file entry07.txt (compact mmCIF, C-alpha atoms)
# COMPACT_ATOMS: atom_id res chain seq x y z
CA ALA Z 1 114.64 131.93 89.73
CA ALA Z 2 117.62 132.54 91.89
CA ALA Z 3 116.76 134.79 94.77
CA SER Z 4 119.12 137.70 94.86
CA ARG Z 5 120.94 137.48 98.10
CA ARG Z 6 120.52 140.60 100.08
CA PRO Z 7 123.65 141.71 101.85
CA TRP Z 8 121.94 141.90 105.23
CA ARG Z 9 121.76 139.02 107.62
CA LEU Z 10 118.51 138.72 109.51
CA PHE Z 11 118.15 138.03 113.20
CA GLY Z 12 115.04 137.61 115.30
CA ALA Z 13 115.20 138.77 118.90
CA MET Z 14 112.67 138.34 121.67
CA CYS Z 15 111.89 140.94 124.30
CA LEU Z 16 110.32 138.85 127.05
CA LEU Z 17 108.46 140.89 129.65
CA ARG Z 18 107.39 139.77 133.09
CA LEU Z 19 104.37 141.92 133.87
CA PRO Z 20 104.02 143.63 137.27
CA ARG Z 21 102.44 141.68 140.11
CA ILE Z 22 101.66 144.56 142.47
CA THR Z 23 100.45 148.10 141.98
CA GLN Z 24 102.87 150.97 141.72
CA PRO Z 25 102.99 153.38 144.65
CA LEU Z 26 100.84 156.49 144.26
CA GLU Z 27 102.37 159.82 143.40
CA LYS Z 28 102.00 162.72 145.81
CA GLU Z 29 99.20 164.37 143.78
CA GLU Z 30 97.41 161.06 143.47
CA GLU Z 31 97.46 160.54 147.22
CA GLU Z 32 96.17 164.02 147.93
CA MET Z 33 93.43 163.60 145.37
CA ALA Z 34 92.43 160.22 146.77
CA ALA Z 35 92.13 161.75 150.25
CA LEU Z 36 90.03 164.62 148.91
CA MET Z 37 87.71 162.27 147.04
CA GLY Z 38 87.19 160.24 150.20
CA GLN Z 39 86.41 163.38 152.16
CA ILE Z 40 83.86 164.61 149.62
CA GLU Z 41 82.21 161.20 149.50
CA LEU Z 42 81.91 161.22 153.28
CA GLU Z 43 80.37 164.68 153.29
CA LYS Z 44 77.81 163.85 150.66
CA SER Z 45 76.76 160.56 152.23
CA HIS Z 46 74.03 159.71 154.70
CA TYR Z 47 74.36 157.57 157.80
CA SER Z 48 74.43 153.83 157.25
CA ASP Z 49 72.60 151.28 159.41
CA HIS Z 50 75.75 150.45 161.31
CA GLU Z 51 76.43 154.10 162.10
CA ILE Z 52 72.87 154.73 163.26
CA ARG Z 53 73.13 151.76 165.55
CA LYS Z 54 76.42 153.06 166.90
CA LEU Z 55 75.00 156.54 167.52
CA GLY Z 56 71.96 155.10 169.25
CA GLU Z 57 74.08 152.98 171.54
CA GLU Z 58 76.35 155.90 172.37
CA GLU Z 59 73.29 157.90 173.37
CA GLN Z 60 72.12 155.06 175.57
CA LEU Z 61 75.48 154.81 177.29
CA LYS Z 62 75.50 158.57 177.90
CA ARG Z 63 72.03 158.45 179.38
CA ARG Z 64 72.96 155.58 181.65
CA LYS Z 65 76.03 157.39 182.87
CA GLU Z 66 74.09 160.53 183.64
CA GLY Z 67 71.80 158.47 185.80
CA LEU Z 68 68.63 158.61 183.74
CA TYR Z 69 67.68 154.97 183.95
CA ASP Z 70 65.03 153.47 181.75
CA ASP Z 71 64.26 150.37 183.72
CA ASP Z 72 61.64 149.01 181.46
CA ASP Z 73 63.82 149.48 178.43
CA GLU Z 74 66.31 146.71 179.04
CA ALA Z 75 66.45 144.07 181.69
CA PRO Z 76 69.67 144.05 183.76
CA GLY Z 77 71.99 141.17 183.08
CA LYS Z 78 71.21 141.03 179.40
CA THR Z 79 74.40 141.27 177.35
CA VAL Z 80 74.01 143.37 174.29
CA ILE Z 81 76.65 143.35 171.56
CA MET Z 82 77.48 146.96 170.88
CA ALA Z 83 78.46 148.21 167.49
CA GLN Z 84 81.74 149.40 168.94
CA ASP Z 85 82.55 145.86 170.10
CA LEU Z 86 81.92 144.58 166.63
CA GLU Z 87 84.28 147.15 165.19
CA ASP Z 88 86.99 146.20 167.66
CA LYS Z 89 86.56 142.56 166.80
CA TRP Z 90 86.92 143.29 163.11
CA GLU Z 91 90.02 145.38 163.70
CA GLN Z 92 91.63 142.55 165.67
CA LYS Z 93 90.90 140.08 162.92
CA PHE Z 94 92.43 142.38 160.34
CA LEU Z 95 95.59 142.84 162.36
CA GLN Z 96 96.02 139.10 162.62
CA PHE Z 97 96.38 138.76 158.87
CA GLN Z 98 99.91 139.00 157.55
CA ALA Z 99 100.20 139.95 153.91
CA ALA Z 100 103.24 139.12 151.82
CA PRO Z 101 105.74 141.97 151.74
CA ARG Z 102 105.81 144.26 148.74
CA ILE Z 103 109.59 144.57 148.84
CA THR Z 104 110.94 141.07 148.55
CA ASP Z 105 114.23 139.56 149.61
CA ALA Z 106 115.48 139.67 146.06
CA ASP Z 107 114.94 143.41 146.13
CA LYS Z 108 117.05 143.77 149.22
CA ASN Z 109 119.88 141.67 147.83
CA ASN Z 110 119.58 143.21 144.39
CA ASN Z 111 119.65 139.74 142.92
CA ARG Z 112 119.10 140.55 139.29
CA THR Z 113 118.70 136.98 138.12
CA SER Z 114 115.57 136.51 140.22
CA LEU Z 115 112.07 137.07 138.91
CA ASN Z 116 110.80 138.13 142.31
CA ARG Z 117 112.47 141.49 142.17
CA LYS Z 118 110.72 144.79 141.51
CA LEU Z 119 107.23 143.34 141.54
CA ASP Z 120 105.65 146.63 140.54
CA SER Z 121 107.41 147.08 137.18
CA ASN Z 122 108.08 145.16 133.98
CA LEU Z 123 111.15 142.95 133.92
CA MET Z 124 112.98 142.11 130.69
CA LEU Z 125 115.24 139.22 129.90
CA LEU Z 126 118.83 139.98 128.89
CA VAL Z 127 121.35 137.34 127.94
CA LYS Z 128 125.06 137.47 127.29
CA GLN Z 129 125.82 136.50 123.73
CA LYS Z 130 128.93 136.37 121.63
CA ILE Z 131 128.70 138.63 118.60
CA GLY Z 132 131.75 138.56 116.41
CA ASN Z 133 134.48 138.39 118.99
CA GLN Z 134 132.71 140.34 121.73
CA GLU Z 135 130.57 139.15 124.60
CA LEU Z 136 127.62 141.50 124.82
CA TRP Z 137 124.48 141.78 126.87
CA LEU Z 138 121.55 141.60 124.44
CA LEU Z 139 117.95 140.61 124.14
CA PRO Z 140 118.10 136.93 123.18
CA GLN Z 141 118.56 136.71 119.43
CA VAL Z 142 119.18 134.00 116.89
CA GLU Z 143 119.81 134.06 113.17
CA TRP Z 144 116.92 133.63 110.79
CA GLN Z 145 116.84 130.48 108.73
CA PRO Z 146 115.02 130.23 105.42
CA GLY Z 147 111.68 128.54 105.72
CA GLU Z 148 110.53 130.11 108.95
CA THR Z 149 108.85 133.38 109.72
CA LEU Z 150 110.60 135.94 111.88
CA ARG Z 151 108.20 135.23 114.70
CA ASN Z 152 109.36 131.62 114.70
CA THR Z 153 112.93 132.83 114.84
CA ALA Z 154 112.13 134.86 117.93
CA GLU Z 155 110.37 131.90 119.54
CA ARG Z 156 113.40 129.77 118.81
CA ALA Z 157 115.63 132.35 120.43
CA MET Z 158 113.48 132.27 123.55
CA ALA Z 159 113.41 128.48 123.67
CA MET Z 160 117.13 128.31 123.18
CA PHE Z 161 117.85 130.32 126.28
CA LEU Z 162 115.02 129.33 128.55
CA GLY Z 163 113.98 125.85 127.49
CA ASP Z 164 111.10 124.56 125.43
CA ASP Z 165 108.38 124.57 128.01
CA ILE Z 166 108.36 128.27 128.57
CA GLN Z 167 104.94 129.86 128.13
CA ALA Z 168 104.76 133.29 126.64
CA LYS Z 169 102.13 135.23 124.79
CA ILE Z 170 103.71 136.84 121.74
CA LEU Z 171 101.97 140.07 120.83
CA GLY Z 172 101.29 139.59 117.16
CA ASN Z 173 103.15 138.56 114.06
CA ALA Z 174 104.76 141.91 113.31
CA PRO Z 175 108.13 143.04 114.69
CA TYR Z 176 108.12 145.91 117.17
CA GLY Z 177 111.49 147.40 116.38
CA ILE Z 178 114.60 147.02 114.34
CA TYR Z 179 118.29 147.51 114.97
CA LYS Z 180 120.54 147.71 111.95
CA TYR Z 181 124.27 147.59 112.13
CA LYS Z 182 127.09 147.16 109.67
CA PHE Z 183 129.87 144.76 110.35
CA PRO Z 184 133.30 146.25 110.94
CA ARG Z 185 135.27 146.70 107.76
CA ALA Z 186 137.47 143.71 108.43
CA ILE Z 187 134.62 141.25 108.08
CA ARG Z 188 132.49 143.16 105.64
CA THR Z 189 132.16 141.57 102.21
CA GLU Z 190 130.00 142.27 99.19
CA ASP Z 191 127.38 139.83 100.35
CA ASN Z 192 127.64 140.42 104.02
CA VAL Z 193 127.32 144.07 104.79
CA GLY Z 194 125.63 143.91 108.13
CA ALA Z 195 122.81 142.58 110.17
CA LYS Z 196 119.24 143.56 110.92
CA VAL Z 197 117.83 142.51 114.24
CA PHE Z 198 114.03 142.45 114.44
CA PHE Z 199 112.54 142.65 117.94
CA PHE Z 200 109.39 140.89 119.01
CA LYS Z 201 107.54 141.43 122.27
CA ALA Z 202 106.03 138.76 124.47
CA PHE Z 203 104.47 138.54 127.92
CA LEU Z 204 105.80 135.85 130.21
CA GLN Z 205 103.01 133.63 131.44
CA SER Z 206 104.62 130.77 133.27
CA SER Z 207 105.20 132.20 136.69
CA ASP Z 208 107.84 129.79 137.92
CA LEU Z 209 111.10 129.40 136.04
CA SER Z 210 113.08 127.43 138.59
CA GLN Z 211 112.90 124.27 136.46
CA THR Z 212 114.62 125.82 133.48
CA GLN Z 213 118.37 125.55 133.07
CA PRO Z 214 119.46 128.69 131.32
CA LYS Z 215 122.14 128.12 128.75
CA ALA Z 216 123.96 131.36 129.28
CA ASP Z 217 124.24 134.26 131.71
CA TYR Z 218 120.92 135.96 132.01
CA LEU Z 219 119.38 138.86 133.86
CA TRP Z 220 115.94 140.24 134.47
CA VAL Z 221 116.07 144.03 134.46
CA THR Z 222 113.67 146.94 134.43
CA LYS Z 223 113.59 149.58 131.73
CA ASN Z 224 115.62 152.01 133.82
CA GLU Z 225 118.36 149.49 134.41
CA LEU Z 226 118.73 148.60 130.75
CA GLY Z 227 121.17 151.44 130.38
CA ASP Z 228 123.65 149.59 132.61
CA TYR Z 229 123.96 146.77 130.15
CA LEU Z 230 123.04 147.71 126.63
CA LYS Z 231 125.05 149.70 124.16
CA LEU Z 232 123.78 153.19 123.42
CA GLU Z 233 122.46 152.79 119.89
CA TYR Z 234 120.89 149.44 120.71
CA LEU Z 235 119.35 150.91 123.82
CA LYS Z 236 117.83 153.79 121.89
CA LYS Z 237 116.09 151.42 119.49
CA VAL Z 238 114.85 149.17 122.25
CA ASN Z 239 113.51 152.03 124.34
CA ARG Z 240 111.27 153.12 121.52
CA PHE Z 241 108.98 150.16 121.84
CA LEU Z 242 108.98 149.77 125.59
CA LEU Z 243 106.07 151.32 127.46
CA ASP Z 244 106.60 151.74 131.12
CA ARG J 1 29.38 113.06 111.68
CA ARG J 2 29.26 110.70 108.79
CA SER J 3 26.03 109.33 107.54
CA THR J 4 25.46 105.80 108.77
CA SER J 5 22.44 104.76 106.70
CA PRO J 6 23.28 101.93 104.39
CA GLU J 7 21.41 103.33 101.43
CA SER J 8 23.09 106.63 101.38
CA VAL J 9 25.47 107.48 98.71
CA SER J 10 29.14 107.69 99.72
CA PRO J 11 29.89 111.28 98.61
CA HIS J 12 28.51 112.42 101.97
CA ILE J 13 31.94 111.83 103.31
CA LEU J 14 33.11 114.90 101.52
CA CYS J 15 30.57 117.04 103.22
CA SER J 16 31.63 117.40 106.82
CA PHE J 17 28.90 119.77 107.89
CA SER J 18 26.17 117.26 107.33
CA SER J 19 24.53 115.86 110.39
CA CYS J 20 23.13 112.38 110.88
CA SER J 21 20.70 112.20 108.01
CA SER J 22 21.72 111.53 104.50
CA TRP J 23 19.62 114.14 102.82
CA LEU J 24 19.51 117.81 103.57
CA PRO J 25 18.74 120.93 101.66
CA GLN J 26 21.70 122.96 102.90
CA ARG J 27 23.12 126.36 102.53
CA VAL J 28 26.59 124.99 103.02
CA PRO J 29 28.15 123.99 99.67
CA LEU J 30 28.46 120.27 99.18
CA ARG J 31 31.43 119.19 97.26
CA GLY J 32 30.06 116.05 95.77
CA SER J 33 26.61 117.49 95.75
CA HIS J 34 25.70 116.80 92.16
CA TRP J 35 24.75 113.41 93.40
CA GLN J 36 22.01 114.92 95.47
CA SER J 37 20.42 117.45 93.27
CA SER J 38 17.31 115.38 93.08
CA VAL J 39 14.91 116.06 95.90
CA LEU J 40 13.34 112.71 95.39
CA THR J 41 16.14 110.65 96.92
CA PRO J 42 14.47 108.67 99.62
CA ARG J 43 14.61 109.80 103.17
CA THR J 44 16.06 107.01 105.11
CA SER J 45 16.55 108.38 108.60
CA LEU J 46 14.18 110.12 110.92
CA PRO J 47 12.88 113.38 109.58
CA VAL J 48 14.88 115.72 111.82
CA ARG J 49 13.71 119.27 111.61
CA ALA J 50 15.99 121.84 110.13
CA GLN J 51 15.36 124.37 112.86
CA PRO J 52 17.10 122.70 115.79
CA LYS J 53 19.98 121.85 113.53
CA LYS J 54 20.36 125.46 112.50
CA LYS J 55 20.47 126.44 116.14
CA LYS J 56 23.26 124.02 116.76
CA LYS J 57 25.21 125.29 113.84
CA VAL J 58 24.63 128.88 114.71
CA ASP J 59 25.53 128.11 118.28
CA VAL J 60 28.67 126.39 117.20
CA ARG J 61 29.48 129.28 114.97
CA LYS J 62 28.69 131.80 117.66
CA GLU J 63 30.83 129.94 120.14
CA GLN J 64 33.67 129.85 117.73
CA ALA J 65 33.31 133.54 117.01
CA GLN J 66 33.37 134.21 120.73
CA LYS J 67 36.45 132.13 121.18
CA ASP J 68 38.18 134.01 118.40
CA ARG J 69 37.28 137.33 119.96
CA MET J 70 38.64 136.19 123.30
CA LYS J 71 41.85 135.05 121.64
CA LYS J 72 42.23 138.36 119.88
CA LYS J 73 41.78 140.22 123.15
CA LEU J 74 44.39 138.03 124.81
CA LYS J 75 46.81 138.66 122.01
CA LYS J 76 46.27 142.40 122.31
CA LEU J 77 46.95 142.24 126.01
CA GLU J 78 50.07 140.24 125.43
CA LYS J 79 51.28 142.78 122.91
CA ALA J 80 51.16 145.51 125.52
CA PRO J 81 54.60 147.07 126.14
CA LEU J 82 56.76 144.89 128.35
CA GLU J 83 57.24 145.96 131.93
CA LEU J 84 60.70 147.39 132.27
CA ILE J 85 63.04 145.67 134.72
CA PRO J 86 63.77 148.17 137.49
CA ILE J 87 67.44 149.04 137.89
CA GLU J 88 68.02 148.67 141.58
CA ASP J 89 71.02 151.00 141.61
CA PHE J 90 68.95 153.94 140.44
CA VAL J 91 66.11 153.50 142.87
CA THR J 92 66.94 154.82 146.36
CA PRO J 93 65.12 152.81 148.97
CA LEU J 94 62.80 155.08 150.93
CA LYS J 95 64.40 154.36 154.27
CA TYR J 96 67.52 156.26 153.24
CA SER J 97 65.62 159.48 152.53
CA ASP J 98 64.82 159.82 156.21
CA SER J 99 65.95 163.12 157.63
CA SER J 100 67.43 161.46 160.71
CA ARG J 101 70.03 159.98 158.42
CA VAL J 102 71.47 163.27 157.30
CA ARG J 103 75.04 163.63 158.45
CA SER J 104 75.81 166.66 160.58
CA LEU J 105 79.27 168.01 159.87
CA PRO J 106 80.72 171.45 160.48
CA PRO J 107 80.59 173.67 157.38
CA LEU J 108 83.76 174.06 155.30
CA SER J 109 86.04 176.95 156.07
CA PRO J 110 87.08 179.28 153.22
CA GLU J 111 90.68 178.04 153.52
CA GLU J 112 89.47 174.53 152.98
CA THR J 113 87.50 175.45 149.86
CA GLU J 114 90.49 177.38 148.58
CA ARG J 115 92.77 174.39 149.16
CA ARG J 116 90.34 172.10 147.38
CA ALA J 117 90.05 174.35 144.34
CA LEU J 118 93.83 174.59 144.03
CA LEU J 119 94.23 170.85 144.45
CA LEU J 120 91.73 170.19 141.67
CA LYS J 121 93.67 172.46 139.34
CA LYS J 122 96.93 170.72 140.18
CA TRP J 123 95.28 167.37 139.57
CA CYS J 124 94.03 168.54 136.20
CA LEU J 125 97.56 169.50 135.18
CA PHE J 126 99.03 166.24 136.50
CA LYS J 127 96.55 164.16 134.57
CA GLN J 128 97.13 166.15 131.41
CA LYS J 129 100.87 165.56 131.61
CA GLN J 130 100.33 161.87 132.29
CA ASP J 131 98.01 161.54 129.35
CA GLU J 132 100.41 163.34 127.00
CA ALA J 133 103.29 161.10 128.09
CA GLU J 134 101.18 158.02 127.41
CA LYS J 135 100.20 159.25 123.98
CA LYS J 136 103.80 160.04 123.16
CA ALA J 137 104.91 156.58 124.21
CA ILE J 138 102.25 154.92 122.09
CA GLN J 139 103.20 157.13 119.16
CA SER J 140 106.82 156.15 119.47
CA LEU J 141 105.88 152.48 119.63
CA VAL J 142 103.81 152.72 116.49
CA GLU J 143 106.59 154.56 114.66
CA SER J 144 109.11 151.94 115.68
CA GLN J 145 106.87 149.19 114.41
CA GLN J 146 106.30 150.95 111.10
CA GLU J 147 110.01 151.40 110.61
CA ALA J 148 110.62 147.72 111.35
CA LEU J 149 107.98 146.67 108.85
CA LYS J 150 109.44 149.00 106.21
CA GLU J 151 112.88 147.48 106.63
CA LEU J 152 111.44 144.01 106.55
CA ARG J 153 109.69 144.78 103.30
CA LEU J 154 112.97 145.87 101.79
CA GLU J 155 114.45 142.60 102.85
CA SER J 156 111.92 140.06 101.74
CA GLU J 157 108.36 140.37 100.56
CA GLU J 158 107.20 136.99 101.85
CA LEU J 159 108.47 137.61 105.35
CA TYR J 160 106.69 140.93 105.27
CA GLN J 161 103.45 139.30 104.21
CA ALA J 162 103.80 136.75 106.98
CA ALA J 163 104.44 139.55 109.45
CA ILE J 164 101.35 141.58 108.61
CA LEU J 165 99.00 138.61 108.99
CA ARG J 166 96.47 138.86 111.78
CA ASP J 167 97.35 136.80 114.83
CA GLU J 168 94.20 134.84 115.61
CA GLY J 169 95.41 133.47 118.89
CA LEU J 170 96.09 136.88 120.39
CA PHE J 171 92.49 137.90 121.24
CA PRO J 172 90.61 137.34 123.49
CA PHE J 173 93.48 138.27 125.74
CA GLU J 174 92.92 137.81 129.46
CA ARG J 175 95.13 138.83 132.31
CA ASP J 176 94.66 139.28 136.05
CA GLY J 177 95.59 142.76 137.11
CA PRO J 178 98.14 143.58 139.81
CA SER J 179 97.06 143.58 143.46
CA TYR J 180 98.37 145.63 146.36
CA THR J 181 100.44 142.83 147.90
CA PRO J 182 101.93 139.81 146.13
CA PRO J 183 100.25 136.42 146.66
CA ILE J 184 101.41 134.53 149.76
CA PRO J 185 103.07 131.30 148.62
CA GLY J 186 101.20 128.27 149.91
CA TYR J 187 98.21 130.22 151.23
CA ASP J 188 95.17 128.12 152.10
CA PRO J 189 92.01 130.22 151.85
CA PRO J 190 89.32 129.46 154.49
CA GLU J 191 86.34 127.38 153.42
CA GLY J 192 83.10 129.16 152.86
CA LYS J 193 79.96 129.25 150.77
CA CYS J 194 78.79 132.20 148.77
CA VAL J 195 74.99 132.58 148.56
CA ASP J 196 73.84 134.71 145.65
CA ILE J 197 70.83 136.82 146.62
CA THR J 198 70.48 138.97 143.51
CA LYS J 199 66.89 139.44 142.44
CA VAL J 200 66.15 138.10 138.98
CA TYR J 201 63.34 139.76 137.05
CA THR J 202 61.56 138.21 134.07
CA GLN J 203 59.75 140.29 131.51
call {"tool": "encode", "arguments": {"input": "entry07.txt", "output": "structure tokens"}}
result
Amino acid sequence: AAASRRPWRLFGAMCLLRLPRITQPLEKEEEEMAALMGQIELEKSHYSDHEIRKLGEEEQLKRRKEGLYDDDDEAPGKTVIMAQDLEDKWEQKFLQFQAAPRITDADKNNNRTSLNRKLDSNLMLLVKQKIGNQELWLLPQVEWQPGETLRNTAERAMAMFLGDDIQAKILGNAPYGIYKYKFPRAIRTEDNVGAKVFFFKAFLQSSDLSQTQPKADYLWVTKNELGDYLKLEYLKKVNRFLLD
Amino acid sequence: RRSTSPESVSPHILCSFSSCSSWLPQRVPLRGSHWQSSVLTPRTSLPVRAQPKKKKKVDVRKEQAQKDRMKKKLKKLEKAPLELIPIEDFVTPLKYSDSSRVRSLPPLSPEETERRALLLKKWCLFKQKQDEAEKKAIQSLVESQQEALKELRLESEELYQAAILRDEGLFPFERDGPSYTPPIPGYDPPEGKCVDITKVYTQ
């Protein structure tokens, strides 16, 4: 039986997310609450072994200073490691360690093609594609071909722009969103009314993409910056399935 | 204890309780005993008295009964409720209940308690708003997915069926959470050995 050709062309698009690598900064209320929780925990606690040792040694020092010697208590010349010394040693060791900065160079240069930017939020891949006779910034999309599922279409779209050896975990077989549009009247025919773009979501798992040669202009942007690139209607549909 | 006398009839083999002689008036049922109903079968071995034999049997039986009783007692003991494994987190070691350990801090001023109460209320509101925003976002995501599936169904039934199939490779999904600072590229962690000193209890 001849399948009735629907007038809509189908596209599969992939929303590739790079998940955050560092924690987001705390809000003001969160910081205040964290301080309060620490304070309450301190008040409700008892002294630990280290603190008792410290208090005991402070008492001993005070007694020695005031001139009340206990000669039989400790022989002169014996070096005793005080708890305070230990704490100083630990502090020194901590200061020697240099952690990687939270705000990277890419942040400072606002290099939007780099994956090292904005490590505390999700980054999405946008590519510049030619639709009709316009060059638009879109999530990578490719037309559906009969014989494959829409998920395969989305995977193909991803591989087309980033190479075959990209590793991503696609979240399920079902599309997350849809963007429908009708072609302008000039191109519209009976069989070709418009297109439906189905979005799929995936998490990027390969952490290093320097080997890949992207085939077109690409950008990695956060949800807030999507508005700089995407058209309004498209943006509205995409925002619906993005959690941030 | 098979009978060894050459003249004895072979059905003794069936009777395992018989002792050395071939002929015995016994209380124990002999299986092939119709061969021996006649009392006149010749005695071929020494006339061993019945009495000492009975003692042995009774002894044997008594010993066996004792053994069974002991086994039953052991089983009862084993069936006693298992000793529960103590949860070390819930048991405070006694050395921490010492009064010398109690922290001495100045009591809270009324302003401080006031500030704390207000902060808790603000926190409650903040968390409520955060939770509502999360729920709204999830709701919008689910709606968007439902709409997409509806449109897909209008397009093609087989694509729709392929889309609503369960993705077996998705779970178990593992991911390392974010840390405070990003990993240092090319960091060489110092060598060390970790000795596990957790106490393992067996029931």
call {"tool": "closest_atom_pairs", "arguments": {"input": "entry07.txt", "of": "chain J", "to": "chain Z", "cutoff": "7 Å", "atoms": "all atoms listed in the file", "output": "CSV"}}
result
residue,atom,partner,partner_atom,distance
J:Arg101,CA,Z:Tyr47,CA,5.0
J:Val102,CA,Z:His46,CA,5.1
J:Arg103,CA,Z:His46,CA,5.5
J:Trp123,CA,Z:Glu29,CA,6.5
J:Ala137,CA,Z:Leu243,CA,6.3
J:Ser140,CA,Z:Arg240,CA,5.8
J:Leu141,CA,Z:Phe241,CA,4.5
J:Ser144,CA,Z:Gly177,CA,5.2
J:Gln145,CA,Z:Tyr176,CA,4.5
J:Ala148,CA,Z:Ile178,CA,5.0
J:Leu149,CA,Z:Pro175,CA,6.9
J:Glu155,CA,Z:Arg6,CA,7.0
J:Leu159,CA,Z:Thr149,CA,6.1
J:Ala162,CA,Z:Thr149,CA,6.7
J:Ala163,CA,Z:Ala174,CA,4.5
J:Ile164,CA,Z:Ala174,CA,5.8
J:Leu165,CA,Z:Asn173,CA,6.6
J:Asp167,CA,Z:Gly172,CA,5.4
J:Leu170,CA,Z:Gly172,CA,6.7
J:Pro178,CA,Z:Ile22,CA,4.5
J:Ser179,CA,Z:Ile22,CA,4.8
J:Tyr180,CA,Z:Ile22,CA,5.2
J:Thr181,CA,Z:Arg102,CA,5.6
J:Pro182,CA,Z:Ala100,CA,5.9
J:Pro183,CA,Z:Ala100,CA,6.5
J:Ile184,CA,Z:Ala100,CA,5.4
call {"tool": "closest_residue", "arguments": {"input": "entry07.txt", "among": "Z:Ile40, Z:Ala106, Z:Val80, Z:Leu235", "to": "Leu61 of chain Z", "atoms": "all atoms listed in the file"}}
result
Z:Val80
call {"tool": "atom_distance", "arguments": {"input": "entry07.txt", "atom1": "atom CA of Leu138 of chain Z", "atom2": "atom CA of Leu126 of chain Z"}}
result
5.5 Å
call {"tool": "closest_residue", "arguments": {"input": "entry07.txt", "among": "Z:Lys65, Z:Arg53, Z:Asp107, Z:Arg185", "to": "Gln84 of chain Z", "atoms": "all atoms listed in the file"}}
result
Z:Arg53
call {"tool": "atom_distance", "arguments": {"input": "entry07.txt", "atom1": "atom CA of Asn111 of chain Z", "atom2": "atom CA of Lys130 of chain Z"}}
result
23.5 Å
call {"tool": "atom_distance", "arguments": {"input": "entry07.txt", "atom1": "atom CA of Thr153 of chain Z", "atom2": "atom CA of Asp176 of chain J"}}
result
28.7 Å
call {"tool": "closest_residue", "arguments": {"input": "entry07.txt", "among": "Z:Gln134, Z:Asn192, Z:Asn122, Z:Ser207", "to": "Leu17 of chain Z", "atoms": "all atoms listed in the file"}}
result
Z:Asn122
call {"tool": "residues_around", "arguments": {"input": "entry07.txt", "residues": "Met160 of chain Z", "least_positions_apart": "5", "cutoff": "12 Å", "atoms": "only C-alpha atoms", "output": "list in words"}}
result
Ala13, Met14, Val127, Gln129, Pro140, Gln141, Val142, Glu143, Asn152, Thr153, Ala154, Glu155, Asp165, Ile166, Thr212, Gln213, Pro214, Lys215 and Ala216 of chain Z
call {"tool": "closest_residue", "arguments": {"input": "entry07.txt", "among": "J:Val58, J:Met70, J:Leu108, J:Ile85", "to": "Thr202 of chain J", "atoms": "only C-alpha atoms"}}
result
J:Ile85
